[in-house]
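Content type mmCIF, C-alpha atoms, from the file model35.cif:
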```cif
data_upload
#
loop_
_atom_site.label_atom_id
_atom_site.label_comp_id
_atom_site.auth_asym_id
_atom_site.auth_seq_id
_atom_site.Cartn_x
_atom_site.Cartn_y
_atom_site.Cartn_z
CA MET I 1 252.18 151.23 132.98
CA ASN I 2 255.67 149.88 133.18
CA GLN I 3 256.58 150.94 129.68
CA GLN I 4 259.65 150.08 127.72
CA TYR I 5 259.80 152.00 124.49
CA PRO I 6 260.74 150.03 121.39
CA SER I 7 262.92 152.85 120.04
CA ALA I 8 265.33 155.30 121.65
CA LEU I 9 264.25 158.00 119.17
CA LEU I 10 260.63 157.49 120.19
CA GLU I 11 261.53 157.62 123.87
CA LYS I 12 263.49 160.85 123.40
CA ALA I 13 260.56 162.52 121.62
CA ILE I 14 258.14 161.34 124.34
CA ASN I 15 260.47 162.67 127.03
CA GLU I 16 260.56 166.06 125.33
CA PHE I 17 256.77 166.25 124.99
CA SER I 18 256.13 165.18 128.55
CA LYS I 19 258.20 168.16 129.79
CA LEU I 20 255.42 170.45 128.54
CA PRO I 21 252.99 171.70 131.22
CA GLY I 22 249.91 169.48 131.58
CA ILE I 23 251.25 166.79 129.22
CA GLY I 24 251.78 163.39 130.83
CA ARG I 25 253.60 160.42 129.29
CA LYS I 26 250.42 158.88 127.87
CA THR I 27 249.40 162.10 126.14
CA ALA I 28 252.99 162.60 124.96
CA LEU I 29 252.93 159.14 123.37
CA ARG I 30 249.64 159.92 121.62
CA LEU I 31 250.95 163.23 120.27
CA VAL I 32 254.26 161.74 119.10
CA LEU I 33 252.55 158.81 117.36
CA HIS I 34 250.23 161.30 115.66
CA LEU I 35 253.24 163.24 114.34
CA LEU I 36 254.90 159.99 113.27
CA ARG I 37 251.94 159.32 110.96
CA GLN I 38 252.32 162.73 109.27
CA ASP I 39 254.63 163.27 106.32
CA SER I 40 258.15 164.53 106.88
CA ALA I 41 257.43 168.11 105.73
CA THR I 42 254.54 168.46 108.22
CA VAL I 43 256.71 167.32 111.12
CA GLU I 44 259.52 169.66 110.04
CA ALA I 45 257.04 172.56 109.89
CA PHE I 46 255.87 171.67 113.40
CA GLY I 47 259.32 171.33 114.97
CA GLY I 48 260.74 174.26 113.00
CA SER I 49 257.96 176.64 114.03
CA VAL I 50 258.88 176.63 117.72
CA ILE I 51 262.61 176.71 117.03
CA ARG I 52 262.16 179.73 114.74
CA LEU I 53 259.85 181.41 117.24
CA ARG I 54 262.35 180.93 120.06
CA ASN I 55 265.36 182.08 118.03
CA GLU I 56 263.84 184.93 116.04
CA VAL I 57 261.24 186.40 118.36
CA LYS I 58 261.57 190.06 119.27
CA TYR I 59 260.11 192.07 122.10
CA CYS I 60 258.73 195.58 121.63
CA ASN I 61 261.26 198.21 122.78
CA VAL I 62 258.45 200.24 124.30
CA CYS I 63 256.03 197.87 126.00
CA HIS I 64 258.04 194.57 125.99
CA ASN I 65 255.20 192.66 124.35
CA ILE I 66 256.17 189.95 121.87
CA SER I 67 256.55 191.43 118.39
CA ASP I 68 257.92 190.81 114.89
CA THR I 69 259.28 194.37 114.78
CA ASP I 70 261.26 196.61 117.13
CA VAL I 71 258.09 198.46 118.08
CA CYS I 72 254.96 196.31 118.29
CA GLN I 73 251.78 196.81 116.24
CA ILE I 74 249.92 198.19 119.24
CA CYS I 75 252.57 200.77 120.22
CA ALA I 76 253.02 201.76 116.55
CA ASN I 77 249.27 202.20 115.93
CA PRO I 78 248.48 205.97 115.80
CA ALA I 79 244.78 205.23 116.37
CA ARG I 80 245.47 204.03 119.92
CA ASP I 81 245.40 206.30 122.96
CA ALA I 82 249.07 206.75 123.83
CA SER I 83 248.23 208.62 127.06
CA THR I 84 246.95 205.48 128.82
CA ILE I 85 249.13 202.51 129.77
CA CYS I 86 247.75 199.22 131.01
CA VAL I 87 250.32 197.33 133.11
CA VAL I 88 250.08 193.52 132.77
CA GLU I 89 252.14 190.56 133.89
CA ASN I 90 252.72 188.78 130.59
CA ILE I 91 251.99 188.71 126.87
CA ARG I 92 249.01 186.40 127.35
CA ASP I 93 247.31 189.07 129.45
CA VAL I 94 247.73 191.53 126.56
CA MET I 95 245.92 189.09 124.25
CA ILE I 96 243.15 188.51 126.81
CA ILE I 97 242.53 192.24 127.33
CA GLU I 98 242.69 192.86 123.57
CA SER I 99 240.03 190.20 123.07
CA THR I 100 237.62 192.21 125.28
CA GLN I 101 237.87 195.12 122.79
CA GLN I 102 237.35 197.49 125.74
CA PHE I 103 240.80 199.06 125.86
CA ARG I 104 242.27 201.40 123.24
CA GLY I 105 245.42 202.50 125.08
CA LEU I 106 248.90 200.98 125.16
CA TYR I 107 250.35 198.20 127.32
CA HIS I 108 253.36 197.61 129.51
CA VAL I 109 254.39 193.99 130.02
CA LEU I 110 256.21 193.57 133.37
CA GLY I 111 257.28 189.97 132.75
CA GLY I 112 255.85 188.74 136.07
CA VAL I 113 255.09 190.03 139.55
CA ILE I 114 257.25 190.57 142.63
CA SER I 115 257.49 187.19 144.38
CA PRO I 116 260.18 186.78 147.05
CA MET I 117 259.27 183.08 147.34
CA ASP I 118 260.27 182.56 143.69
CA GLY I 119 263.23 184.92 143.99
CA ILE I 120 261.64 187.56 141.73
CA GLY I 121 262.40 191.11 142.86
CA PRO I 122 261.51 194.47 141.29
CA GLY I 123 264.82 194.43 139.39
CA ASP I 124 263.76 191.30 137.48
CA LEU I 125 260.69 193.08 136.09
CA GLN I 126 260.25 195.91 133.58
CA ILE I 127 259.37 198.42 136.31
CA GLU I 128 262.15 200.91 135.67
CA SER I 129 261.15 201.25 132.02
CA LEU I 130 257.53 201.78 133.17
CA VAL I 131 258.68 204.62 135.45
CA ASN I 132 260.61 206.10 132.51
CA ARG I 133 257.53 205.91 130.26
CA ALA I 134 255.32 207.47 132.95
CA SER I 135 257.91 210.23 133.55
CA ALA I 136 258.06 211.17 129.87
CA GLY I 137 255.10 213.51 130.32
CA ASP I 138 252.55 212.31 127.75
CA ILE I 139 250.99 209.73 130.05
CA LYS I 140 247.75 210.63 131.83
CA GLU I 141 246.72 207.30 133.32
CA VAL I 142 248.38 204.04 134.30
CA ILE I 143 245.97 201.10 134.79
CA LEU I 144 247.27 198.26 136.96
CA ALA I 145 245.88 194.97 135.62
CA LEU I 146 247.85 192.42 137.65
CA SER I 147 246.64 189.22 139.30
CA THR I 148 244.48 189.73 142.40
CA THR I 149 246.97 187.72 144.48
CA MET I 150 249.29 188.74 147.27
CA GLU I 151 252.16 188.95 144.77
CA GLY I 152 250.04 191.06 142.41
CA ASP I 153 249.03 193.40 145.23
CA THR I 154 252.65 193.72 146.40
CA THR I 155 253.64 194.70 142.88
CA ASN I 156 250.72 197.14 142.63
CA PHE I 157 251.88 198.85 145.83
CA TYR I 158 255.51 198.93 144.68
CA ILE I 159 254.50 200.60 141.40
CA TYR I 160 252.21 202.99 143.30
CA ARG I 161 255.16 204.16 145.41
CA LYS I 162 257.29 204.65 142.30
CA LEU I 163 254.65 206.61 140.38
CA GLU I 164 252.76 208.54 143.08
CA LYS I 165 254.87 211.68 142.77
CA LEU I 166 254.66 211.89 138.96
CA GLY I 167 251.11 213.32 138.89
CA VAL I 168 249.90 210.41 136.75
CA LYS I 169 246.45 209.01 137.49
CA LEU I 170 246.79 205.44 138.79
CA SER I 171 243.85 203.07 138.58
CA ILE I 172 243.25 199.40 139.21
CA LEU I 173 240.84 196.85 137.70
CA ALA I 174 237.43 196.74 139.41
CA ARG I 175 237.08 193.79 141.77
CA GLY I 176 233.61 192.41 142.33
CA VAL I 177 231.04 189.80 141.49
CA SER I 178 231.68 188.04 138.17
CA ILE I 179 229.05 188.71 135.53
CA GLY I 180 226.78 185.67 135.26
CA ASP I 181 227.61 184.50 138.81
CA GLU I 182 225.01 183.99 141.52
CA LEU I 183 225.76 185.69 144.86
CA GLU I 184 225.47 182.33 146.63
CA TYR I 185 228.64 181.14 144.88
CA THR I 186 230.70 184.30 145.25
CA ASP I 187 233.39 184.17 147.93
CA GLU I 188 232.95 186.49 150.93
CA VAL I 189 236.06 188.59 150.27
CA THR I 190 234.97 189.41 146.72
CA LEU I 191 231.38 190.03 147.78
CA GLY I 192 232.47 192.27 150.67
CA ARG I 193 234.70 194.26 148.31
CA SER I 194 231.87 194.61 145.80
CA ILE I 195 229.66 196.17 148.51
CA VAL I 196 232.33 198.61 149.64
CA ASN I 197 233.10 199.55 146.01
CA ARG I 198 229.47 199.69 144.88
CA THR I 199 228.89 201.97 141.89
CA VAL I 200 226.09 204.48 141.23
CA PHE I 201 223.24 202.79 139.37
CA THR I 202 221.51 204.98 136.80
CA GLY I 203 219.10 202.46 135.40
CA THR I 204 221.58 200.77 133.01
CA ILE I 205 224.56 198.57 133.80
CA MET Q 1 238.17 184.83 122.26
CA ASN Q 2 238.61 186.92 119.16
CA GLN Q 3 242.37 186.75 119.29
CA GLN Q 4 244.83 188.66 117.21
CA TYR Q 5 248.33 187.42 117.82
CA PRO Q 6 251.00 190.08 118.30
CA SER Q 7 253.54 188.13 116.24
CA ALA Q 8 253.31 186.09 113.04
CA LEU Q 9 255.95 183.67 114.38
CA LEU Q 10 253.86 183.13 117.49
CA GLU Q 11 250.73 182.59 115.42
CA LYS Q 12 252.51 180.06 113.21
CA ALA Q 13 253.72 178.05 116.22
CA ILE Q 14 250.24 178.13 117.79
CA ASN Q 15 248.71 176.97 114.49
CA GLU Q 16 251.13 174.03 114.37
CA PHE Q 17 250.43 172.99 117.97
CA SER Q 18 246.67 173.25 117.58
CA LYS Q 19 246.81 170.69 114.74
CA LEU Q 20 247.75 168.04 117.32
CA PRO Q 21 244.88 165.82 118.50
CA GLY Q 22 243.15 167.13 121.61
CA ILE Q 23 245.06 170.43 121.62
CA GLY Q 24 242.90 173.53 121.19
CA ARG Q 25 244.13 177.06 120.53
CA LYS Q 26 244.17 178.02 124.22
CA THR Q 27 246.28 175.00 125.17
CA ALA Q 28 248.51 175.59 122.13
CA LEU Q 29 249.13 179.16 123.30
CA ARG Q 30 250.00 177.93 126.80
CA LEU Q 31 252.45 175.32 125.45
CA VAL Q 32 254.10 177.74 123.03
CA LEU Q 33 254.52 180.43 125.69
CA HIS Q 34 256.05 177.79 127.96
CA LEU Q 35 258.59 176.89 125.27
CA LEU Q 36 259.28 180.58 124.65
CA ARG Q 37 260.41 180.91 128.26
CA GLN Q 38 262.92 178.05 127.89
CA ASP Q 39 266.44 178.60 126.60
CA SER Q 40 267.22 178.13 122.94
CA ALA Q 41 268.93 174.74 123.35
CA THR Q 42 265.89 173.28 125.16
CA VAL Q 43 263.55 174.38 122.38
CA GLU Q 44 265.91 173.02 119.74
CA ALA Q 45 266.03 169.68 121.57
CA PHE Q 46 262.23 169.64 121.66
CA GLY Q 47 261.65 170.51 118.01
CA GLY Q 48 264.58 168.42 116.82
CA SER Q 49 263.43 165.29 118.66
CA VAL Q 50 260.27 164.87 116.58
CA ILE Q 51 261.99 165.81 113.32
CA ARG Q 52 264.70 163.21 113.98
CA LEU Q 53 262.15 160.61 115.00
CA ARG Q 54 260.12 161.18 111.83
CA ASN Q 55 263.13 161.17 109.51
CA GLU Q 56 265.24 158.43 111.09
CA VAL Q 57 262.71 156.01 112.50
CA LYS Q 58 262.84 152.42 111.25
CA TYR Q 59 260.28 149.66 111.34
CA CYS Q 60 261.16 146.06 112.16
CA ASN Q 61 261.45 143.95 108.98
CA VAL Q 62 259.71 141.07 110.72
CA CYS Q 63 256.87 142.48 112.84
CA HIS Q 64 256.69 146.12 111.55
CA ASN Q 65 256.95 147.51 115.05
CA ILE Q 66 258.88 150.78 115.45
CA SER Q 67 262.57 150.04 115.97
CA ASP Q 68 266.04 151.56 115.97
CA THR Q 69 267.40 148.53 114.13
CA ASP Q 70 266.32 146.45 111.11
CA VAL Q 71 264.98 143.74 113.42
CA CYS Q 72 263.37 145.01 116.63
CA GLN Q 73 264.48 144.11 120.17
CA ILE Q 74 261.49 141.84 120.67
CA CYS Q 75 261.96 139.83 117.44
CA ALA Q 76 265.72 139.61 118.05
CA ASN Q 77 265.33 138.40 121.65
CA PRO Q 78 266.11 134.64 121.80
CA ALA Q 79 264.35 134.36 125.17
CA ARG Q 80 260.98 135.07 123.56
CA ASP Q 81 258.67 132.36 122.24
CA ALA Q 82 259.02 132.63 118.45
CA SER Q 83 256.23 130.13 117.84
CA THR Q 84 253.47 132.51 119.00
CA ILE Q 85 252.52 135.71 117.17
CA CYS Q 86 250.18 138.33 118.63
CA VAL Q 87 248.53 140.41 115.88
CA VAL Q 88 247.86 144.05 116.86
CA GLU Q 89 246.72 147.20 115.10
CA ASN Q 90 249.51 149.60 115.98
CA ILE Q 91 252.74 150.11 117.89
CA ARG Q 92 250.91 151.51 120.90
CA ASP Q 93 249.10 148.20 121.32
CA VAL Q 94 252.50 146.45 121.45
CA MET Q 95 253.54 148.71 124.30
CA ILE Q 96 250.24 148.18 126.16
CA ILE Q 97 250.47 144.38 125.89
CA GLU Q 98 254.17 144.45 126.87
CA SER Q 99 253.23 146.43 129.98
CA THR Q 100 250.96 143.57 131.14
CA GLN Q 101 254.03 141.25 131.23
CA GLN Q 102 251.69 138.36 130.33
CA PHE Q 103 252.94 137.69 126.80
CA ARG Q 104 256.35 136.25 125.90
CA GLY Q 105 255.81 135.65 122.18
CA LEU Q 106 256.36 137.93 119.19
CA TYR Q 107 254.12 140.58 117.62
CA HIS Q 108 252.81 141.48 114.20
CA VAL Q 109 251.75 145.10 113.69
CA LEU Q 110 249.08 145.39 110.98
CA GLY Q 111 249.11 149.17 110.81
CA GLY Q 112 245.33 149.43 111.26
CA VAL Q 113 242.16 147.44 110.61
CA ILE Q 114 240.06 146.93 107.50
CA SER Q 115 237.70 149.91 107.29
CA PRO Q 116 235.90 150.51 103.98
CA MET Q 117 234.49 153.77 105.39
CA ASP Q 118 238.04 155.12 105.76
CA GLY Q 119 239.17 153.53 102.47
CA ILE Q 120 241.44 151.03 104.25
CA GLY Q 121 241.45 147.61 102.55
CA PRO Q 122 243.45 144.44 103.29
CA GLY Q 123 246.14 145.61 100.83
CA ASP Q 124 246.87 148.66 103.02
CA LEU Q 125 247.70 146.45 106.01
CA GLN Q 126 250.58 144.06 106.74
CA ILE Q 127 248.39 141.00 106.23
CA GLU Q 128 250.38 139.39 103.41
CA SER Q 129 253.55 139.43 105.50
CA LEU Q 130 251.57 137.86 108.37
CA VAL Q 131 250.48 135.03 106.05
CA ASN Q 132 254.11 134.61 104.99
CA ARG Q 133 255.25 134.42 108.61
CA ALA Q 134 252.51 131.92 109.50
CA SER Q 135 253.33 129.82 106.42
CA ALA Q 136 257.03 129.55 107.31
CA GLY Q 137 256.27 126.55 109.54
CA ASP Q 138 257.69 127.51 112.94
CA ILE Q 139 254.50 129.21 114.08
CA LYS Q 140 252.14 127.28 116.35
CA GLU Q 141 249.66 129.96 117.39
CA VAL Q 142 248.45 133.33 116.12
CA ILE Q 143 246.61 135.46 118.70
CA LEU Q 144 244.30 138.11 117.28
CA ALA Q 145 244.35 141.16 119.59
CA LEU Q 146 242.45 143.73 117.54
CA SER Q 147 239.81 146.22 118.67
CA THR Q 148 236.43 144.70 119.58
CA THR Q 149 234.74 146.85 116.93
CA MET Q 150 233.04 145.96 113.67
CA GLU Q 151 236.24 146.86 111.79
CA GLY Q 152 238.31 144.74 114.17
CA ASP Q 153 235.96 141.79 113.77
CA THR Q 154 235.98 142.16 109.96
CA THR Q 155 239.77 142.05 110.03
CA ASN Q 156 239.74 139.07 112.41
CA PHE Q 157 237.51 137.17 109.96
CA TYR Q 158 239.63 138.16 106.95
CA ILE Q 159 242.78 136.88 108.67
CA TYR Q 160 240.94 133.71 109.77
CA ARG Q 161 240.08 132.93 106.12
CA LYS Q 162 243.70 133.52 105.10
CA LEU Q 163 245.21 131.34 107.83
CA GLU Q 164 242.60 128.57 108.36
CA LYS Q 165 244.28 126.12 105.94
CA LEU Q 166 247.78 126.54 107.37
CA GLY Q 167 247.15 124.34 110.43
CA VAL Q 168 248.12 127.16 112.77
CA LYS Q 169 246.11 127.55 115.98
CA LEU Q 170 244.17 130.84 115.86
CA SER Q 171 242.96 132.43 119.08
CA ILE Q 172 241.35 135.69 120.06
CA LEU Q 173 241.45 137.80 123.24
CA ALA Q 174 238.88 136.80 125.87
CA ARG Q 175 235.89 139.14 125.93
CA GLY Q 176 234.05 139.49 129.22
CA VAL Q 177 233.48 141.57 132.33
CA SER Q 178 236.33 143.96 133.13
CA ILE Q 179 238.18 143.16 136.33
CA GLY Q 180 237.05 145.58 139.05
CA ASP Q 181 233.73 146.29 137.30
CA GLU Q 182 230.34 145.73 138.90
CA LEU Q 183 227.87 143.72 136.80
CA GLU Q 184 225.35 146.56 137.04
CA TYR Q 185 227.60 148.74 134.91
CA THR Q 186 228.60 146.12 132.33
CA ASP Q 187 226.85 146.44 128.97
CA GLU Q 188 224.48 143.58 127.98
CA VAL Q 189 226.50 142.44 124.95
CA THR Q 190 229.67 141.99 127.01
CA LEU Q 191 227.79 140.38 129.89
CA GLY Q 192 225.97 137.99 127.53
CA ARG Q 193 229.27 137.00 125.91
CA SER Q 194 230.87 136.43 129.32
CA ILE Q 195 228.08 133.97 130.21
CA VAL Q 196 228.39 132.07 126.93
CA ASN Q 197 232.21 131.97 127.27
CA ARG Q 198 232.23 131.15 131.00
CA THR Q 199 235.35 129.34 132.16
CA VAL Q 200 235.75 126.40 134.56
CA PHE Q 201 236.28 127.68 138.12
CA THR Q 202 238.69 125.63 140.21
CA GLY Q 203 238.68 127.73 143.37
CA THR Q 204 241.22 130.29 142.13
CA ILE Q 205 240.84 132.99 139.46
#
```

Would you write out, as structure tokens, the structure that this file holds?
Amino acid sequence: MNQQYPSALLEKAINEFSKLPGIGRKTALRLVLHLLRQDSATVEAFGGSVIRLRNEVKYCNVCHNISDTDVCQICANPARDASTICVVENIRDVMIIESTQQFRGLYHVLGGVISPMDGIGPGDLQIESLVNRASAGDIKEVILALSTTMEGDTTNFYIYRKLEKLGVKLSILARGVSIGDELEYTDEVTLGRSIVNRTVFTGTI
Amino acid sequence: MNQQYPSALLEKAINEFSKLPGIGRKTALRLVLHLLRQDSATVEAFGGSVIRLRNEVKYCNVCHNISDTDVCQICANPARDASTICVVENIRDVMIIESTQQFRGLYHVLGGVISPMDGIGPGDLQIESLVNRASAGDIKEVILALSTTMEGDTTNFYIYRKLEKLGVKLSILARGVSIGDELEYTDEVTLGRSIVNRTVFTGTI
């Protein structure tokens, strides 16, 4: 569509929306026209919410997760197992692992993975503060829960070299066949790994 | 996902985004986290653009299209044919018809169609101002370009009854087989109408 917008204000709003990931100009137009039909207070609440989030957000001093306080709810919760740290790439991964309800320890948000192609080195990530936490003495296990990509594996190895002498148990997420998947549709690398890493079967999964 | 958000500010922003049409909570989270990674000025430009649009937008006094001025660029353009008015439901329809580059007349934006189910009557639409425009004497043709739905047809008929005595030519968009469609996949109602409304073929389309 060779579109000429009837209003510069409309065009500006559409331009801003179409900068968002996965939002094209047609979707941006639909979203902006939807907001235009709302009352002024609704639109101010919408626009204000992201501005406030961006300007007032804090990150936990301990694990670097997003937080409203200096120490996040998870790190400050005495019911959680403070001797286990799960290392993740970003705050979304924290939410995903929390939603499984299978982990009661604390987190450490790296802020990404080592990726020379994107110019991200170890110094750009929260690795030093992870080493400091692991050196403090109360930590028994560090679980590496990074992406199963080359960048994730590079970062896993880098952290392994930094922590190996501290006497902390290092573990990594199990890699294998997805639950609910048929073997026919599992890629060979994953399937091969799941055979090598097979676990003892005692009658229950 | 049974998600508990680590920050009330984050949750508020996600709630606002997930009110948008077609945006679920997972997409809202992705968009908000994207904005969180941008610098403060970028996020303020984003949020501010919709607030400004909502608070400062004007509508053309003549055709009710969105506009930065009291009379929109289309109505104010002397090169356009002021004797032909195309009646559309909303400002998006204006943009879609403009993108075809097949219409050089003016528009009239109704702001919807008559829909008793949604509580929208003729009084909620810009029908009276259309009658006033058509009565002014300079108008030769009014083209009805509303949705081909029951509500659209009801509105077409309502406008027909209002304009029939003014001596203005009333026309409606051609309904027929979409260009590029195979007959096999055209619904019977459309196909039947395209036979009844067949046009004289002179060797070229």

Check your understanding: Residues of chain Q within 7 Å of chain I, using only C-alpha atoms, as a ChimeraX atom specification?
Key -> /Q:1-3,6-10,12-13,16,20-21,31,36,40,43-44,46-51,53-55,66-68,95,99

File of the preceding selection, C-alpha atoms, as an mmCIF file, in the frame of the given file:
```
data_model
loop_
_atom_site.group_PDB
_atom_site.id
_atom_site.type_symbol
_atom_site.label_atom_id
_atom_site.label_comp_id
_atom_site.auth_asym_id
_atom_site.auth_seq_id
_atom_site.Cartn_x
_atom_site.Cartn_y
_atom_site.Cartn_z
ATOM 1 C CA MET Q 1 238.170 184.830 122.260
ATOM 2 C CA ASN Q 2 238.610 186.920 119.160
ATOM 3 C CA GLN Q 3 242.370 186.750 119.290
ATOM 4 C CA PRO Q 6 251.000 190.080 118.300
ATOM 5 C CA SER Q 7 253.540 188.130 116.240
ATOM 6 C CA ALA Q 8 253.310 186.090 113.040
ATOM 7 C CA LEU Q 9 255.950 183.670 114.380
ATOM 8 C CA LEU Q 10 253.860 183.130 117.490
ATOM 9 C CA LYS Q 12 252.510 180.060 113.210
ATOM 10 C CA ALA Q 13 253.720 178.050 116.220
ATOM 11 C CA GLU Q 16 251.130 174.030 114.370
ATOM 12 C CA LEU Q 20 247.750 168.040 117.320
ATOM 13 C CA PRO Q 21 244.880 165.820 118.500
ATOM 14 C CA LEU Q 31 252.450 175.320 125.450
ATOM 15 C CA LEU Q 36 259.280 180.580 124.650
ATOM 16 C CA SER Q 40 267.220 178.130 122.940
ATOM 17 C CA VAL Q 43 263.550 174.380 122.380
ATOM 18 C CA GLU Q 44 265.910 173.020 119.740
ATOM 19 C CA PHE Q 46 262.230 169.640 121.660
ATOM 20 C CA GLY Q 47 261.650 170.510 118.010
ATOM 21 C CA GLY Q 48 264.580 168.420 116.820
ATOM 22 C CA SER Q 49 263.430 165.290 118.660
ATOM 23 C CA VAL Q 50 260.270 164.870 116.580
ATOM 24 C CA ILE Q 51 261.990 165.810 113.320
ATOM 25 C CA LEU Q 53 262.150 160.610 115.000
ATOM 26 C CA ARG Q 54 260.120 161.180 111.830
ATOM 27 C CA ASN Q 55 263.130 161.170 109.510
ATOM 28 C CA ILE Q 66 258.880 150.780 115.450
ATOM 29 C CA SER Q 67 262.570 150.040 115.970
ATOM 30 C CA ASP Q 68 266.040 151.560 115.970
ATOM 31 C CA MET Q 95 253.540 148.710 124.300
ATOM 32 C CA SER Q 99 253.230 146.430 129.980
#
```

Practice item. State, in Å with one decimal place, the distance from atom CA of I:Cys63 to atom CA of I:Asp93. Key: 12.9 Å

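Atom pair atom CA of Q:Leu173 / atom CA of I:Gly24: separated by 28.6 Å.
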
Review point. Restricting the calculation to only C-alpha atoms, which member of I:Gly203, I:Pro78, I:Gly105, I:Gly112 is positioned closest to I:Leu146?
Key: I:Gly112

Exercise for review: Name the residues that the PyMOL selection byres ((chain Q and resi 154) around 12) picks from the file above, as a VMD selection string, using the file's chain letters and numbers.
Suggested key: chain Q and resid 112 to 116 120 to 122 144 146 to 153 155 to 161

What does the file look like for those residues with C-alpha atoms, as an mmCIF file, in the coordinates of the input?
```cif
data_model
loop_
_atom_site.group_PDB
_atom_site.id
_atom_site.type_symbol
_atom_site.label_atom_id
_atom_site.label_comp_id
_atom_site.auth_asym_id
_atom_site.auth_seq_id
_atom_site.Cartn_x
_atom_site.Cartn_y
_atom_site.Cartn_z
ATOM 1 C CA GLY Q 112 245.330 149.430 111.260
ATOM 2 C CA VAL Q 113 242.160 147.440 110.610
ATOM 3 C CA ILE Q 114 240.060 146.930 107.500
ATOM 4 C CA SER Q 115 237.700 149.910 107.290
ATOM 5 C CA PRO Q 116 235.900 150.510 103.980
ATOM 6 C CA ILE Q 120 241.440 151.030 104.250
ATOM 7 C CA GLY Q 121 241.450 147.610 102.550
ATOM 8 C CA PRO Q 122 243.450 144.440 103.290
ATOM 9 C CA LEU Q 144 244.300 138.110 117.280
ATOM 10 C CA LEU Q 146 242.450 143.730 117.540
ATOM 11 C CA SER Q 147 239.810 146.220 118.670
ATOM 12 C CA THR Q 148 236.430 144.700 119.580
ATOM 13 C CA THR Q 149 234.740 146.850 116.930
ATOM 14 C CA MET Q 150 233.040 145.960 113.670
ATOM 15 C CA GLU Q 151 236.240 146.860 111.790
ATOM 16 C CA GLY Q 152 238.310 144.740 114.170
ATOM 17 C CA ASP Q 153 235.960 141.790 113.770
ATOM 18 C CA THR Q 155 239.770 142.050 110.030
ATOM 19 C CA ASN Q 156 239.740 139.070 112.410
ATOM 20 C CA PHE Q 157 237.510 137.170 109.960
ATOM 21 C CA TYR Q 158 239.630 138.160 106.950
ATOM 22 C CA ILE Q 159 242.780 136.880 108.670
ATOM 23 C CA TYR Q 160 240.940 133.710 109.770
ATOM 24 C CA ARG Q 161 240.080 132.930 106.120
#
```

Long-range neighbours of I:Lys169 as a compact mmCIF listing (two decimals) with C-alpha atoms, keeping the file's coordinate frame, 7 Å cut-off, only C-alpha atoms, 4 positions minimum in chain:
```
# COMPACT_ATOMS: atom_id res chain seq x y z
CA LYS I 140 247.75 210.63 131.83
CA GLU I 141 246.72 207.30 133.32
CA VAL I 142 248.38 204.04 134.30
```

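Atom pair atom CA of I:Asn61 / atom CA of I:Ile143: separated by 19.7 Å.
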
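When the PyMOL selection byres ((chain I and resi 139) around 12) is evaluated against the file, it yields Asp81, Ala82, Ser83, Thr84, Ile85, Cys86, Gly105, Leu106, Tyr107, Leu130, Val131, Asn132, Arg133, Ala134, Ser135, Ala136, Gly137, Asp138, Lys140, Glu141, Val142, Ile143, Leu163, Leu166, Gly167, Val168, Lys169 and Leu170 of chain I.
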
Check your understanding: Quick one: of I:Thr204, I:Asn77, I:Ser18, I:Ser129, who's nearest to I:Val62, counting all atoms listed in the file?
Key -> I:Ser129

Study note, to complete from the structure: Min atom-atom distance to I:Val189 from the set I:Ile172, I:Lys26, I:Cys60, I:Val177, counting all atoms listed in the file, belongs to I:Val177

Hits from the PyMOL selection byres ((chain Q and resi 193-197) around 10), listed as a CSV table (one decimal) with C-alpha atoms, in the frame of the given file:
```csv
chain,number,residue,atom,x,y,z
Q,174,ALA,CA,238.9,136.8,125.9
Q,175,ARG,CA,235.9,139.1,125.9
Q,176,GLY,CA,234.0,139.5,129.2
Q,177,VAL,CA,233.5,141.6,132.3
Q,188,GLU,CA,224.5,143.6,128.0
Q,189,VAL,CA,226.5,142.4,125.0
Q,190,THR,CA,229.7,142.0,127.0
Q,191,LEU,CA,227.8,140.4,129.9
Q,192,GLY,CA,226.0,138.0,127.5
Q,198,ARG,CA,232.2,131.2,131.0
Q,199,THR,CA,235.4,129.3,132.2
Q,200,VAL,CA,235.8,126.4,134.6
```

Centre, x/y/z edge lengths, axis-aligned box for stretch 98-112 of chain Q with 8 Å per side, as lines of an AutoDock Vina configuration file:
```
center_x = 250.8
center_y = 142.5
center_z = 121.0
size_x = 27.0
size_y = 29.8
size_z = 36.4
```
